[in-house]
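Below: one structure, written as structure tokens.
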Amino acid sequence: MTVPRLYLSVNGCLCPRSEPDPAWGDVAKASINIEYGDGHASTRDVHWAPRLITALDSLLMQYGVELVWLTSWNEFDATRQLLVPELHGLAGGRMLDVTTPPKHPGQTDGETGLWKSQRIEEDQNVPAPFIWIDDADVQLHGEKVLNATLETPSLLIPPHSAVGITVDDIARMRIWLEQLP
């Protein structure tokens with residue numbers, strides 16, 4: 001059987017824009033400094049629910065799911081080098097390229113977000129059942145991905161960016177994974 005994949009975004013999913021789903025309980029916080037070189041850097045203040053990280057780790061292990069980071073945090077390997085140590089979980093995982101194609105004249109910002117759906121389609125050249133969690137791009141480009149991967153079992157979850165992944169989202173993933181052949 002092919003190993004299922006979890007394509008996971010950070011902002012608005014693991015690290016919501018407000019506070020995590022209250023059902024998760026305690027909230028952890030960190031300020032992460034990303035160095036871009038040439039004296040440029042940025043600090044990202046993030047917060048997350050440690051119980052969410054534990055639930056995702058458990059899900060990955062129990063069902064043998066491959067974690068695939070699909071996030072702007074992949075630039076400079078910030079996901080695995082800076083964020084994951086703070087999370088105390090979700091170690092490893094494969095990263096998909098964050099390089100975005102140049103914006104064409106007349107192209108809207110929503111269309112530039114196609115890079116995530118393009119990376120999934122490229123990665124699905126070797127088909128595997130997959131879950132895609134993204135607070136914005138699932139709604140914007142999920143149909144495109146579903147059309148490109150018609151024969152592949154998939155579950156798309158667009159969390160509300162203010163609260164991120166919920167307890168109910170984890171339950172949906174668990175049910176979906178249990179139904180795979």
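By order in the structure tokens, chains are A, B, ...; within a chain, residues start at 1; ligands start at 1, following the order shown.
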
Residues flagged helix (DSSP H, G or I) by DSSP in segment 32-62 of chain A, as a compact mmCIF listing (two decimals) with C-alpha atoms, in the first residue's frame:
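See part_33.txt below for the written result:
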# COMPACT_ATOMS: atom_id res chain seq x y z
CA PRO A 50 1.04 21.71 22.17
CA ARG A 51 -1.80 19.16 22.31
CA LEU A 52 -2.38 19.73 18.57
CA ILE A 53 1.26 18.93 17.84
CA THR A 54 0.97 15.75 19.94
CA ALA A 55 -2.26 14.77 18.14
CA LEU A 56 -0.66 15.26 14.71
CA ASP A 57 2.45 13.30 15.71
CA SER A 58 0.22 10.48 16.96
CA LEU A 59 -1.80 10.50 13.73
CA LEU A 60 1.36 10.40 11.58
CA MET A 61 2.78 7.50 13.56
CA GLN A 62 -0.41 5.47 13.95

- [ ] Name the residues in contact with segment 132-148 of chain A at a cut-off of 8 Å, using only C-alpha atoms, excluding same-chain residues fewer than 2 positions from it; report them as a PyMOL selection string.
- [x] chain A and resi 6-9+11-13+110+113-114+116-117+120-121+130+150+154-161+164

C-alpha atoms of the current selection, written as a short mmCIF file (atom, residue, chain, number, x, y, z; two decimals), in the first residue's frame:
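So the final result, stored in again33.cif, reads:
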data_model
loop_
_atom_site.label_atom_id
_atom_site.label_comp_id
_atom_site.auth_asym_id
_atom_site.auth_seq_id
_atom_site.Cartn_x
_atom_site.Cartn_y
_atom_site.Cartn_z
CA LEU A 6 -0.07 15.09 4.80
CA TYR A 7 0.63 18.38 2.98
CA LEU A 8 0.77 20.86 5.84
CA SER A 9 0.93 24.64 5.99
CA ASN A 11 0.42 29.99 9.13
CA GLY A 12 -3.29 29.81 9.91
CA CYS A 13 -3.09 26.03 10.39
CA GLY A 110 -4.89 34.82 -5.46
CA GLY A 113 -0.91 31.26 -4.59
CA LEU A 114 -1.07 28.55 -7.24
CA LYS A 116 1.16 25.21 -3.53
CA SER A 117 -1.35 23.46 -5.78
CA ILE A 120 1.05 19.01 -4.90
CA GLU A 121 0.29 18.13 -8.51
CA PHE A 130 -3.24 12.69 0.65
CA LEU A 150 -9.17 12.44 -9.62
CA SER A 154 -7.85 12.88 -0.86
CA LEU A 155 -9.12 14.98 2.01
CA LEU A 156 -8.85 18.77 1.86
CA ILE A 157 -9.18 20.76 5.08
CA PRO A 158 -9.33 24.57 5.09
CA PRO A 159 -9.06 25.58 8.75
CA HIS A 160 -10.26 29.02 9.78
CA SER A 161 -7.01 30.99 9.99
CA GLY A 164 -6.14 26.83 12.95
#

- [ ] Just the residues within 7 Å of Ala30 of chain A, please, counting only C-alpha atoms, with nothing from its chain fewer than 5 positions along; format it as number ranges by chain.
- [x] A: 45-47

Output of the above residues as an mmCIF file, in the first residue's frame, restricted to N, CA, C and O atoms:
data_model
loop_
_atom_site.group_PDB
_atom_site.id
_atom_site.type_symbol
_atom_site.label_atom_id
_atom_site.label_comp_id
_atom_site.auth_asym_id
_atom_site.auth_seq_id
_atom_site.Cartn_x
_atom_site.Cartn_y
_atom_site.Cartn_z
ATOM 1 N N ASP A 45 6.241 36.131 15.318
ATOM 2 C CA ASP A 45 5.660 35.748 16.601
ATOM 3 C C ASP A 45 4.580 34.712 16.321
ATOM 4 O O ASP A 45 3.638 34.987 15.582
ATOM 5 N N VAL A 46 4.749 33.535 16.875
ATOM 6 C CA VAL A 46 3.821 32.440 16.605
ATOM 7 C C VAL A 46 3.289 31.868 17.912
ATOM 8 O O VAL A 46 3.922 31.979 18.957
ATOM 9 N N HIS A 47 2.121 31.268 17.828
ATOM 10 C CA HIS A 47 1.562 30.540 18.954
ATOM 11 C C HIS A 47 0.853 29.305 18.409
ATOM 12 O O HIS A 47 0.405 29.292 17.265
#

Task: Residue neighbourhood Val84 of chain A, 12 Å, only C-alpha atoms, exclusion window fewer than 2 positions, as number ranges by chain - done: A: 10, 14-15, 30, 32, 46, 48, 50, 53, 57, 69, 73-74, 77-82, 86-93

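Comparing the minimum interatomic distances between Ile165 of chain A and each of A:Ala49, A:Arg44, A:Asp26, A:Pro127, counting only C-alpha atoms, we find that A:Ala49 sits nearest.
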
TODO: Identify all residues of segment 22-178 of chain A in strand (DSSP E or B) (DSSP on the backbone) and supply them as a VMD selection string.
DONE: chain A and resid 28 to 37 40 to 48 66 to 69 94 to 95 130 to 133 154 to 157

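If you look at atom CA of Arg172 of chain A and atom CA of Val27 of chain A, they are 22.4 Å away from each other.
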
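Note that the spacing between atom CA of Asp169 of chain A and atom CA of Ala23 of chain A amounts to 11.8 Å.
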
- [ ] Provide the atom CA of Pro181 of chain A to atom CA of Asp168 of chain A distance in Å, to one decimal place.
- [x] 22.6 Å

Task: Using only C-alpha atoms: which of A:Glu19, A:Glu122, A:Glu178, A:Glu75 has the shortest distance to Pro4 of chain A - done: A:Glu178
